[in-house]
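K.L.:
This one is data_22.tsv, TSV, C-alpha atoms and all ligand atoms.
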```tsv
chain	number	residue	atom	x	y	z
O	193	MET	CA	66.80	18.19	59.04
O	194	THR	CA	63.94	17.26	61.31
O	195	GLU	CA	65.20	13.81	62.27
O	196	LEU	CA	68.56	15.12	63.39
O	197	LYS	CA	69.63	17.38	66.16
O	198	VAL	CA	71.51	20.09	64.27
O	199	SER	CA	72.58	23.28	65.94
O	200	CYS	CA	72.46	26.44	63.88
O	201	ASP	CA	74.48	28.32	66.48
O	202	THR	CA	77.97	28.51	65.00
O	203	SER	CA	79.25	31.37	67.16
O	204	THR	CA	81.78	29.09	68.90
O	205	PHE	CA	83.55	28.54	65.59
O	206	GLU	CA	83.49	32.09	64.26
O	207	VAL	CA	86.37	34.54	64.06
O	208	PRO	CA	85.66	38.06	62.77
O	209	ALA	CA	88.02	38.78	59.88
O	210	VAL	CA	90.27	41.75	60.63
O	211	LEU	CA	92.36	43.00	57.73
O	212	ASP	CA	95.54	45.00	57.63
O	213	ALA	CA	96.21	47.83	55.20
O	214	SER	CA	97.18	45.40	52.42
O	215	GLY	CA	93.92	43.50	52.74
O	216	THR	CA	95.28	40.38	54.47
O	217	LEU	CA	94.24	38.98	57.83
O	218	THR	CA	96.09	40.51	60.76
O	219	ASN	CA	98.49	38.33	62.75
O	220	ASP	CA	96.15	38.23	65.70
O	221	CYS	CA	93.26	37.15	63.49
O	222	VAL	CA	95.44	34.47	61.88
O	223	ARG	CA	96.39	33.12	65.31
O	224	GLN	CA	92.75	32.83	66.33
O	225	ALA	CA	91.74	31.23	63.04
O	226	VAL	CA	94.54	28.65	63.15
O	227	ALA	CA	93.71	27.78	66.76
O	228	MET	CA	90.10	27.26	65.70
O	229	MET	CA	91.12	25.06	62.76
O	230	ASP	CA	93.39	22.97	64.96
O	231	THR	CA	90.87	22.57	67.76
O	232	HIS	CA	87.67	22.06	65.81
O	233	GLY	CA	88.79	21.35	62.23
O	234	LEU	CA	87.11	24.45	60.80
O	235	VAL	CA	86.91	28.20	61.18
O	236	ILE	CA	84.14	30.54	60.06
O	237	LEU	CA	85.68	33.89	59.14
O	238	THR	CA	82.91	36.46	59.17
O	239	ASP	CA	83.11	39.60	57.01
O	240	CYS	CA	86.12	38.23	55.19
O	241	LEU	CA	84.94	39.64	51.85
O	242	SER	CA	83.52	43.11	51.45
O	243	HIS	CA	80.04	43.54	49.99
O	244	ALA	CA	81.55	44.57	46.64
O	245	GLU	CA	83.97	41.64	46.58
O	246	ALA	CA	81.17	39.17	47.32
O	247	GLU	CA	79.04	40.78	44.59
O	248	ALA	CA	81.90	40.39	42.13
O	249	GLY	CA	82.19	36.72	43.08
O	250	LEU	CA	78.45	36.19	42.66
O	251	GLU	CA	78.47	37.85	39.24
O	252	LEU	CA	81.37	35.65	38.19
O	253	MET	CA	79.50	32.55	39.29
O	254	ARG	CA	76.29	33.62	37.57
O	255	GLN	CA	78.11	34.11	34.27
O	256	ILE	CA	79.61	30.65	34.49
O	257	ILE	CA	76.43	28.89	35.55
O	258	ASP	CA	74.61	30.56	32.66
O	259	ASP	CA	77.14	29.15	30.20
O	260	PRO	CA	75.61	26.01	28.61
O	261	ASP	CA	79.11	24.71	27.88
O	262	ARG	CA	80.30	24.95	31.47
O	263	SER	CA	82.31	22.11	32.94
O	264	ARG	CA	80.20	20.11	35.39
O	265	SER	CA	81.91	18.62	38.40
O	266	ALA	CA	81.99	14.84	38.45
O	267	PHE	CA	81.56	14.45	42.18
O	268	ALA	CA	79.20	14.93	45.10
O	269	SER	CA	76.06	13.83	43.31
O	270	GLU	CA	75.86	13.42	39.58
O	271	THR	CA	72.18	12.46	39.84
O	272	ASP	CA	71.40	15.76	41.55
O	273	ASN	CA	73.38	17.53	38.84
O	274	HIS	CA	71.49	15.64	36.13
O	275	TYR	CA	68.05	16.55	37.52
O	276	LEU	CA	69.05	20.18	38.13
O	277	ARG	CA	68.89	19.81	41.90
O	278	ARG	CA	72.50	20.88	42.12
O	279	ASP	CA	74.87	22.64	39.79
O	280	PHE	CA	78.39	21.93	40.88
O	281	CYS	CA	80.77	23.13	38.24
O	282	SER	CA	84.48	23.72	38.11
O	283	LEU	CA	85.66	27.16	37.11
O	284	PRO	CA	88.04	27.87	34.24
O	285	SER	CA	91.38	29.53	34.86
O	286	SER	CA	90.15	32.78	33.31
O	287	PRO	CA	91.63	36.12	34.43
O	288	ASP	CA	88.49	37.00	36.45
O	289	VAL	CA	88.37	33.65	38.22
O	290	MET	CA	92.10	33.78	38.91
O	291	ARG	CA	91.79	37.29	40.31
O	292	PHE	CA	89.02	36.24	42.68
O	293	ALA	CA	90.85	33.08	43.75
O	294	ALA	CA	94.11	34.99	44.21
O	295	ARG	CA	92.40	37.64	46.31
O	296	LEU	CA	91.07	34.95	48.63
O	297	GLY	CA	94.40	33.12	48.72
O	298	GLN	CA	96.28	36.29	49.57
O	299	ARG	CA	93.78	37.43	52.17
O	300	LEU	CA	93.94	34.05	53.89
O	301	GLU	CA	97.66	33.53	53.35
O	302	GLY	CA	98.46	33.55	57.07
O	303	VAL	CA	96.03	30.72	57.78
O	304	LEU	CA	96.50	28.70	54.59
O	305	SER	CA	100.29	28.82	54.79
O	306	GLU	CA	100.14	27.13	58.20
O	307	TYR	CA	99.00	24.04	56.32
O	308	CYS	CA	99.93	24.44	52.64
O	309	GLY	CA	103.37	25.29	51.30
O	310	ARG	CA	103.78	27.52	48.26
O	311	SER	CA	104.40	24.58	45.95
O	312	ARG	CA	101.20	22.75	46.88
O	313	SER	CA	98.57	22.26	44.20
O	314	VAL	CA	95.34	24.16	43.83
O	315	LEU	CA	93.12	21.12	43.37
O	316	GLU	CA	89.89	22.76	42.38
O	317	ILE	CA	88.15	26.08	41.98
O	318	ALA	CA	84.41	25.62	41.70
O	319	THR	CA	80.90	26.86	42.29
O	320	PHE	CA	78.45	24.88	44.39
O	321	THR	CA	74.82	25.69	43.76
O	322	SER	CA	71.95	23.66	45.15
O	323	TYR	CA	68.24	23.98	44.42
O	324	PHE	CA	65.08	22.82	46.10
O	325	GLY	CA	64.78	19.06	46.17
O	326	SER	CA	68.48	18.27	46.28
O	327	SER	CA	69.55	15.33	48.40
O	328	HIS	CA	71.18	15.74	51.80
O	329	GLN	CA	74.66	14.32	51.41
O	330	TYR	CA	75.73	11.55	53.73
O	331	ILE	CA	78.13	12.64	56.46
O	332	HIS	CA	81.57	11.98	55.03
O	333	ARG	CA	85.22	12.94	54.98
O	334	ASP	CA	86.80	14.37	51.83
O	335	PRO	CA	90.18	12.97	50.74
O	336	SER	CA	92.66	13.78	53.50
O	337	GLY	CA	95.52	16.25	53.29
O	338	VAL	CA	93.58	19.16	51.83
O	339	ILE	CA	92.36	22.54	53.06
O	340	SER	CA	89.05	23.57	51.51
O	341	LEU	CA	87.20	26.84	51.63
O	342	PHE	CA	83.69	27.99	50.89
O	343	ALA	CA	83.03	31.67	50.34
O	344	ALA	CA	79.46	32.92	50.77
O	345	VAL	CA	78.84	35.43	48.00
O	346	GLU	CA	75.31	36.07	49.29
O	347	ASP	CA	73.46	35.40	52.54
O	348	VAL	CA	72.73	31.72	53.06
O	349	SER	CA	69.82	30.76	55.32
O	350	ASP	CA	69.39	27.56	57.33
O	351	GLU	CA	66.73	26.49	54.88
O	352	GLN	CA	69.04	26.98	51.90
O	353	GLY	CA	71.43	24.47	53.37
O	354	GLY	CA	74.77	25.83	54.48
O	355	THR	CA	77.32	23.05	55.05
O	356	VAL	CA	76.88	20.76	58.05
O	357	PHE	CA	80.00	19.92	60.09
O	358	VAL	CA	80.84	17.69	63.05
O	359	PRO	CA	83.44	19.82	64.86
O	360	GLY	CA	86.41	18.06	66.41
O	361	THR	CA	86.27	14.98	64.17
O	362	HIS	CA	89.33	15.87	62.06
O	363	MET	CA	92.27	13.50	62.05
O	364	TYR	CA	95.84	14.20	63.10
O	365	GLY	CA	98.75	12.48	64.83
O	366	GLY	CA	97.55	10.98	68.09
O	367	ALA	CA	93.92	12.00	67.62
O	368	ALA	CA	92.88	8.35	67.62
O	369	ASN	CA	94.19	7.99	71.18
O	370	ARG	CA	91.59	10.32	72.59
O	371	HIS	CA	88.58	8.98	74.45
O	372	ALA	CA	90.54	6.02	75.82
O	373	GLY	CA	91.77	5.11	72.37
O	374	SER	CA	88.33	4.80	70.82
O	375	ALA	CA	88.03	8.27	69.26
O	376	TYR	CA	87.99	7.15	65.63
O	377	GLN	CA	85.68	4.25	66.36
O	378	LEU	CA	83.23	6.56	68.10
O	379	MET	CA	83.41	9.04	65.21
O	380	GLU	CA	82.61	6.25	62.77
O	381	LEU	CA	79.69	5.10	64.90
O	382	PHE	CA	78.39	8.65	65.05
O	383	ARG	CA	78.71	8.91	61.28
O	384	ILE	CA	76.74	5.68	60.79
O	385	ALA	CA	74.04	6.71	63.26
O	386	THR	CA	73.69	10.07	61.54
O	387	ASN	CA	73.61	8.57	58.06
O	388	VAL	CA	70.71	6.30	59.04
O	389	ARG	CA	68.77	9.50	59.64
O	390	VAL	CA	70.08	11.12	56.44
O	391	LEU	CA	68.81	8.15	54.42
O	392	ARG	CA	65.43	8.31	56.13
O	393	HIS	CA	65.20	12.06	55.62
O	394	ASN	CA	66.03	11.83	51.92
O	395	LEU	CA	63.58	8.99	51.29
O	396	LYS	CA	60.80	10.74	53.14
O	397	LYS	CA	61.35	13.94	51.21
O	398	LEU	CA	61.51	12.19	47.85
O	399	TRP	CA	58.27	10.36	48.64
O	400	GLN	CA	56.57	13.64	49.46
O	401	MET	CA	57.95	15.23	46.29
O	402	ARG	CA	56.21	12.58	44.16
O	403	LYS	CA	52.91	14.32	44.69
O	404	ALA	CA	54.05	17.87	45.35
O	405	PRO	CA	52.93	20.04	42.43
O	406	ALA	CA	55.27	22.83	43.50
O	407	ALA	CA	58.39	20.76	43.02
O	408	PRO	CA	57.58	17.85	40.75
O	409	LEU	CA	60.10	15.12	40.21
O	410	GLY	CA	61.49	14.83	36.71
O	411	PRO	CA	60.62	11.80	34.54
O	412	GLY	CA	62.61	8.89	35.90
O	413	GLU	CA	64.01	10.91	38.77
O	414	PHE	CA	62.51	8.83	41.57
O	415	ARG	CA	63.80	5.61	40.00
O	416	ASP	CA	67.26	7.10	39.39
O	417	ARG	CA	67.57	8.36	42.93
O	418	VAL	CA	66.26	5.26	44.70
O	419	PHE	CA	66.87	2.23	42.46
O	420	SER	CA	69.56	3.14	39.96
O	421	THR	CA	72.62	0.97	39.40
O	422	LYS	CA	74.61	4.12	38.63
O	423	TRP	CA	77.37	5.23	40.96
O	424	ASP	CA	76.27	8.07	43.19
O	425	GLN	CA	77.27	8.10	46.82
O	426	HIS	CA	74.86	10.75	48.07
O	427	GLN	CA	71.44	9.53	46.95
O	428	PRO	CA	68.99	7.50	49.07
O	429	ASN	CA	69.60	4.66	46.66
O	430	LEU	CA	68.11	1.56	48.28
O	431	LEU	CA	69.41	-0.81	45.64
O	432	ARG	CA	73.01	0.19	46.19
O	433	PHE	CA	72.42	0.44	49.94
O	434	PHE	CA	71.23	-3.19	50.17
O	435	LEU	CA	73.89	-4.44	47.76
O	436	GLY	CA	76.64	-2.72	49.76
O	437	LYS	CA	77.65	-0.68	46.71
O	438	ASN	CA	77.73	2.69	48.41
O	439	ALA	CA	81.03	3.41	50.14
O	440	GLN	CA	79.46	6.21	52.17
O	441	PHE	CA	76.64	4.21	53.70
O	442	SER	CA	75.27	0.74	53.13
O	443	LEU	CA	73.59	-2.14	54.93
O	444	ALA	CA	76.97	-3.82	55.26
O	445	MET	CA	77.85	-1.15	57.84
O	446	LEU	CA	74.97	-2.19	60.06
O	447	GLY	CA	76.05	-5.61	61.25
O	448	PRO	CA	74.98	-6.99	64.65
O	449	ARG	CA	78.21	-5.93	66.39
O	450	THR	CA	77.93	-2.38	65.05
O	451	LEU	CA	74.29	-2.17	66.09
O	452	TRP	CA	75.26	-3.28	69.59
O	453	LYS	CA	78.06	-0.69	69.73
O	454	LEU	CA	75.69	1.99	68.50
O	455	TYR	CA	73.31	1.13	71.29
O	456	ARG	CA	75.97	0.85	73.99
O	457	ASN	CA	77.72	4.11	73.03
O	458	ARG	CA	74.67	6.20	72.29
O	459	GLN	CA	75.12	8.50	75.27
O	460	THR	CA	78.90	8.83	74.81
O	461	MET	CA	78.36	9.86	71.20
O	462	ARG	CA	75.76	12.40	72.25
O	463	ASP	CA	78.20	13.83	74.77
O	464	LEU	CA	81.15	14.00	72.40
O	465	PHE	CA	79.80	14.98	69.01
O	466	GLY	CA	77.25	17.35	67.62
O	467	LEU	CA	76.17	18.55	64.21
O	468	ILE	CA	76.28	22.22	63.37
O	469	GLN	CA	74.82	23.79	60.28
O	470	THR	CA	76.38	26.93	58.94
O	471	ALA	CA	74.24	29.76	57.61
O	472	PRO	CA	76.95	32.16	56.50
O	473	ARG	CA	76.24	35.80	55.84
O	474	LYS	CA	77.44	37.35	52.60
O	475	GLY	CA	81.23	37.75	52.75
O	476	THR	CA	81.83	34.90	55.22
O	477	VAL	CA	84.53	32.39	54.36
O	478	ILE	CA	84.58	28.91	55.88
O	479	LEU	CA	87.87	27.03	55.99
O	480	TYR	CA	87.97	23.37	56.95
O	481	ARG	CA	90.34	20.46	57.07
O	482	SER	CA	89.19	17.98	54.45
O	483	ASP	CA	89.10	15.03	56.84
O	484	LEU	CA	86.57	16.73	59.11
O	485	LEU	CA	83.19	14.97	59.02
O	486	HIS	CA	80.75	17.12	57.06
O	487	ALA	CA	77.93	17.10	54.49
O	488	GLY	CA	76.24	19.40	52.05
O	489	PRO	CA	72.60	19.40	53.16
O	490	ASP	CA	69.54	19.66	50.99
O	491	ASN	CA	68.14	22.99	49.98
O	492	ARG	CA	64.71	23.25	51.60
O	493	SER	CA	63.94	26.69	50.21
O	494	ARG	CA	63.00	28.04	46.77
O	495	GLN	CA	66.10	30.20	46.77
O	496	PRO	CA	69.17	28.68	45.13
O	497	ARG	CA	72.11	28.33	47.48
O	498	ARG	CA	75.45	29.31	46.03
O	499	PHE	CA	79.02	29.01	47.29
O	500	PHE	CA	82.38	29.70	45.73
O	501	GLY	CA	84.82	26.95	46.65
O	502	MET	CA	88.52	26.24	46.42
O	503	SER	CA	90.73	23.41	47.69
O	504	ILE	CA	94.50	23.39	48.16
O	505	ALA	CA	96.63	20.31	48.87
O	506	ARG	CA	98.75	20.11	52.01
O	507	ASP	CA	101.18	17.60	50.48
O	508	ILE	CA	102.13	16.18	47.11
O	509	ILE	CA	99.21	14.30	45.62
O	510	GLU	CA	98.81	11.50	43.07
O	511	THR	CA	96.90	12.67	40.02
O	512	LYS	CA	94.38	9.82	40.22
O	513	TYR	CA	93.68	10.47	43.90
O	514	TRP	CA	93.31	14.17	43.11
O	515	HIS	CA	90.89	13.63	40.23
O	516	ASP	CA	88.88	11.04	42.20
O	517	GLY	CA	88.15	13.49	44.97
O	518	TYR	CA	88.16	16.87	43.24
O	519	SER	CA	87.12	18.22	39.88
O	520	PRO	CA	89.67	20.57	38.39
O	521	HIS	CA	88.48	22.42	35.31
O	522	PRO	CA	90.21	21.16	32.13
O	523	THR	CA	92.14	24.44	31.99
O	524	LEU	CA	93.42	23.90	35.54
O	525	ALA	CA	94.28	20.26	34.84
O	526	ALA	CA	96.16	21.30	31.68
O	527	GLN	CA	98.02	24.09	33.42
O	528	PRO	CA	98.25	23.28	37.14
O	529	LEU	CA	98.50	26.06	39.66
O	530	CYS	CA	100.12	26.02	43.05
O	531	PHE	CA	99.36	28.06	46.15
O	532	GLY	CA	102.44	30.22	45.49
O	533	ASP	CA	101.03	31.18	42.07
O	534	LEU	CA	97.93	32.57	43.79
O	535	LEU	CA	100.09	34.51	46.23
O	536	ASP	CA	102.19	36.00	43.42
O	537	MET	CA	99.29	37.21	41.27
O	538	PRO	CA	98.98	40.99	41.15
O	539	VAL	CA	95.82	41.70	43.10
O	540	ARG	CA	97.31	42.91	46.34
O	541	GLY	CA	97.12	46.51	45.22
O	542	ALA	CA	93.34	46.32	45.03
O	543	PRO	CA	91.67	48.65	47.46
O	544	ALA	CA	91.26	46.98	50.82
O	545	ARG	CA	88.38	47.43	53.19
O	546	PRO	CA	88.93	49.89	56.01
O	547	LEU	CA	90.84	48.29	58.85
O	548	ILE	CA	88.52	47.50	61.73
O	549	HIS	CA	89.71	46.96	65.27
O	550	ARG	CA	88.17	44.13	67.28
O	551	THR	CA	86.30	46.83	69.16
O	552	GLY	CA	84.50	47.67	65.95
O	553	ALA	CA	86.14	51.08	65.68
O	554	LEU	CA	87.41	52.15	62.27
O	555	VAL	CA	91.08	53.10	62.00
O	556	ASP	CA	93.02	54.72	59.15
S	1	FE	FE	82.66	16.84	51.02
```
Please express what this file holds, its structure, as structure tokens.
Ligand SMILES: [Fe+2]
P.N.:
Amino acid sequence: MTELKVSCDTSTFEVPAVLDASGTLTNDCVRQAVAMMDTHGLVILTDCLSHAEAEAGLELMRQIIDDPDRSRSAFASETDNHYLRRDFCSLPSSPDVMRFAARLGQRLEGVLSEYCGRSRSVLEIATFTSYFGSSHQYIHRDPSGVISLFAAVEDVSDEQGGTVFVPGTHMYGGAANRHAGSAYQLMELFRIATNVRVLRHNLKKLWQMRKAPAAPLGPGEFRDRVFSTKWDQHQPNLLRFFLGKNAQFSLAMLGPRTLWKLYRNRQTMRDLFGLIQTAPRKGTVILYRSDLLHAGPDNRSRQPRRFFGMSIARDIIETKYWHDGYSPHPTLAAQPLCFGDLLDMPVRGAPARPLIHRTGALVD
């Protein structure tokens, strides 16, 4: 996004996936990944899926997206979904989907089990596709107490819009005491300052799209994205912004005291926080703590951007809270799964990639 300083260098947050003979992360790799999650709130595991595994995931997603009766997700941005700017849909608990989800769960068991017990619910298994013209989400936190993952089943470029994160903004016991007790306040100020730019970016792009023959807006799309009364937290909706009806970002968040604090703390925020945008290569898996500040950016290319996603609870969870923040497929809602179910599914015997030492040398 041009108005924002976003670094595309994610090397600080990457851990190369190293698998043992059974296809799970080695203990050393798990230790590094957990340390990364605890320090920064996310870890980017490169080469976590083989080429063939990523291809299988992509094929699975294609089949589901091509199904006219697929189950659309009721979150993120329904307006984008409606105007085919995004296609977020939950995946059914079919044998193929379960096999893919179980393979990921088992491969990442060492990391996931640091946070999620075996009895914890699988909240959602979904595909996240975005197309040219989608909105840049506001910087937000997902419902707390969840570990989420995105698996790149094909290369994702900066332009396609890999997820944006603000490392180090996750919440945990005592985290608020950092920065002389003002850590959470500074994070919130940073979020507001960033979302001002997100709103501006989205409006500017929509305005340009009005007359862009290459990516015309659909009938009524401009009105629905800017002036609609419909609930949608990730559109540049000025009506809901001025009325204070958007919980993610509204004029009500820009009172005189906040504006003063934004001005006074501008340098501190610059020193403490920074946006990174992921551009994962095929086979990369990103794990993040749900309360880490993040956003799904807009797709600025003609190539669709696709991710496979899954979220697992870290604690018991009220059904309403679950369904407000995540979109389980009706088959998953009817027959809930827990993390232990994924671990017990028979996919471990599948051929694993050759074990690779950190030096890059192949071993038997
Ligand atoms: Fe989110």
K.L.:
Excluding stretch 391-400 of chain O and any residue of its chain fewer than 3 positions from it, enumerate the residues within 12 Å of it, using all atoms listed in the file, and give them as a ChimeraX atom specification.
P.N.:
/O:193-196,324-331,384-388,403-410,413-419,425-430,433,440-443,489-492
K.L.:
What gap, in Å, lies between atom CA of O:Phe357 and atom CA of O:Val390?
P.N.:
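Atom-to-atom, atom CA of O:Phe357 and atom CA of O:Val390 are spaced 13.8 Å apart.
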K.L.:
List every residue of chain O that has an atom at most 10 Å from any atom of ligand FE 1 (chain S), giving for each one its closest atom pair and the distance in Å to one decimal, counting all atoms listed in the file, sorted by chain and then by ascending residue number, as a tab-separated table.
P.N.:
```
residue	atom	partner	partner_atom	distance
O:Phe267	CA	S:FE1	FE	9.2
O:Ala268	CA	S:FE1	FE	7.1
O:Gln329	CA	S:FE1	FE	8.4
O:Tyr330	CA	S:FE1	FE	9.1
O:Ile331	CA	S:FE1	FE	8.2
O:His332	CA	S:FE1	FE	6.4
O:Arg333	CA	S:FE1	FE	6.1
O:Asp334	CA	S:FE1	FE	4.9
O:Pro335	CA	S:FE1	FE	8.5
O:Ser340	CA	S:FE1	FE	9.3
O:Thr355	CA	S:FE1	FE	9.1
O:Val356	CA	S:FE1	FE	9.9
O:Phe357	CA	S:FE1	FE	9.9
O:Ser482	CA	S:FE1	FE	7.5
O:Asp483	CA	S:FE1	FE	8.9
O:Leu484	CA	S:FE1	FE	9.0
O:Leu485	CA	S:FE1	FE	8.2
O:His486	CA	S:FE1	FE	6.3
O:Ala487	CA	S:FE1	FE	5.9
O:Gly488	CA	S:FE1	FE	7.0
O:Gly517	CA	S:FE1	FE	8.8
O:Tyr518	CA	S:FE1	FE	9.5
```
K.L.:
Using all atoms listed in the file, find the one residue out of O:Leu446, O:Val303, O:Leu276, O:Leu252 that sits nearest to O:Ala225.
P.N.:
O:Val303
K.L.:
Could you check how far atom CA of O:Ile257 sits from atom CA of O:Ala294, in Å to one decimal?
P.N.:
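If I compute the distance from atom CA of O:Ile257 to atom CA of O:Ala294, I get 20.6 Å.
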K.L.:
State, in Å with one decimal place, the distance from atom CA of O:Leu241 to atom CA of O:Leu296.
P.N.:
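Going from atom CA of O:Leu241 over to atom CA of O:Leu296, I get 8.4 Å.
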K.L.:
Within 12 Å of O:Ile509, counting all atoms listed in the file, which residues qualify if same-chain residues fewer than 5 places away don't, as an NGL selection string?
P.N.:
:O and (311-315 or 335-338 or 504 or 514-518)
K.L.:
So, counting only C-alpha atoms, which residue among O:Ser285, O:Ser374, O:Gln255, O:Thr231 is closest to O:Ala526?
P.N.:
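Nearest candidate to O:Ala526 out of O:Ser285, O:Ser374, O:Gln255, O:Thr231: O:Ser285.
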K.L.:
Go ahead and find all residues with at least one atom no further than 10 Å from (100.8, 21.8, 57.6) in the file's coordinates, using all atoms listed in the file; report them as an NGL selection string.
P.N.:
:O and (304-309 or 337-339 or 505-507)
K.L.:
Using all atoms listed in the file, find the one residue out of O:Arg278, O:Arg310, O:His362, O:Arg291 that sits nearest to O:Arg497.
P.N.:
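Under the stated criterion, the closest residue is O:Arg278.
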K.L.:
Using only C-alpha atoms, determine which residues lie at most 8 Å from O:Met379, disregarding the query and same-chain residues fewer than 5 positions distant; provide the list as a ChimeraX atom specification.
P.N.:
/O:361,461,465
K.L.:
For a quick check of understanding, using only C-alpha atoms, which of O:Leu381, O:Ala246, O:Ala344, O:Ala318 has the smallest distance to O:Leu451?
P.N.:
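Looking only at the distances to O:Leu451, the closest residue turns out to be O:Leu381.
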K.L.:
Residues at most 8 Å from O:Gly249, counting only C-alpha atoms, excluding those fewer than 6 positions away in the same chain, as a PDB file with C-alpha atoms, in the frame of the given file?
P.N.:
```pdb
ATOM      1  CA  PHE O 292      89.020  36.240  42.680  1.00  0.00           C
ATOM      2  CA  VAL O 345      78.840  35.430  48.000  1.00  0.00           C
ATOM      3  CA  PHE O 500      82.380  29.700  45.730  1.00  0.00           C
TER       4      PHE O 500
END
```
K.L.:
Within 10 Å of (98.5, 33.4, 40.4) in the file's own coordinates, which protein, DNA or RNA residues have an atom, counting only C-alpha atoms? List them as a list of chain:residue names.
P.N.:
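Protein and nucleic acid residues near the point are O:Ser285, O:Pro287, O:Met290, O:Arg291, O:Ala293, O:Ala294, O:Arg295, O:Gly297, O:Gln298, O:Leu529, O:Cys530, O:Phe531, O:Gly532, O:Asp533, O:Leu534, O:Leu535, O:Asp536, O:Met537, O:Pro538, O:Val539.
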K.L.:
Would you mind telling me which residue in O:Asp279, O:Asp258, O:Asp288, O:Asp350 lies nearest to O:Ile468 when using all atoms listed in the file?
P.N.:
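Between O:Asp279, O:Asp258, O:Asp288, O:Asp350, the residue approaching O:Ile468 most closely is O:Asp350.
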K.L.:
How would stretch 300-315 of chain O look with N, CA and C atoms restored, written as a short mmCIF file (atom, residue, chain, number, x, y, z; two decimals), in the coordinates of the input?
P.N.:
```cif
data_model
loop_
_atom_site.label_atom_id
_atom_site.label_comp_id
_atom_site.auth_asym_id
_atom_site.auth_seq_id
_atom_site.Cartn_x
_atom_site.Cartn_y
_atom_site.Cartn_z
N LEU O 300 93.89 35.13 52.90
CA LEU O 300 93.94 34.05 53.89
C LEU O 300 95.33 33.45 54.00
N GLU O 301 96.32 34.12 53.41
CA GLU O 301 97.66 33.53 53.35
C GLU O 301 98.16 33.07 54.72
N GLY O 302 97.95 33.89 55.74
CA GLY O 302 98.46 33.55 57.07
C GLY O 302 97.91 32.22 57.57
N VAL O 303 96.65 31.97 57.31
CA VAL O 303 96.03 30.72 57.78
C VAL O 303 96.42 29.57 56.85
N LEU O 304 96.24 29.78 55.54
CA LEU O 304 96.50 28.70 54.59
C LEU O 304 97.95 28.24 54.65
N SER O 305 98.88 29.20 54.83
CA SER O 305 100.29 28.82 54.79
C SER O 305 100.72 28.05 56.04
N GLU O 306 99.86 28.02 57.06
CA GLU O 306 100.14 27.13 58.20
C GLU O 306 100.05 25.67 57.78
N TYR O 307 99.27 25.43 56.73
CA TYR O 307 99.00 24.04 56.32
C TYR O 307 99.57 23.72 54.94
N CYS O 308 99.58 24.70 54.04
CA CYS O 308 99.93 24.44 52.64
C CYS O 308 101.15 25.27 52.27
N GLY O 309 102.20 24.58 51.79
CA GLY O 309 103.37 25.29 51.30
C GLY O 309 103.10 25.93 49.95
N ARG O 310 103.99 26.80 49.52
CA ARG O 310 103.78 27.52 48.26
C ARG O 310 103.69 26.60 47.06
N SER O 311 104.37 25.45 47.13
CA SER O 311 104.40 24.58 45.95
C SER O 311 103.19 23.64 45.89
N ARG O 312 102.31 23.71 46.85
CA ARG O 312 101.20 22.75 46.88
C ARG O 312 100.10 23.12 45.88
N SER O 313 99.50 22.08 45.33
CA SER O 313 98.57 22.26 44.20
C SER O 313 97.23 22.86 44.60
N VAL O 314 96.75 23.73 43.75
CA VAL O 314 95.34 24.16 43.83
C VAL O 314 94.56 23.06 43.13
N LEU O 315 93.76 22.32 43.90
CA LEU O 315 93.12 21.12 43.37
C LEU O 315 91.85 21.42 42.59
#
```
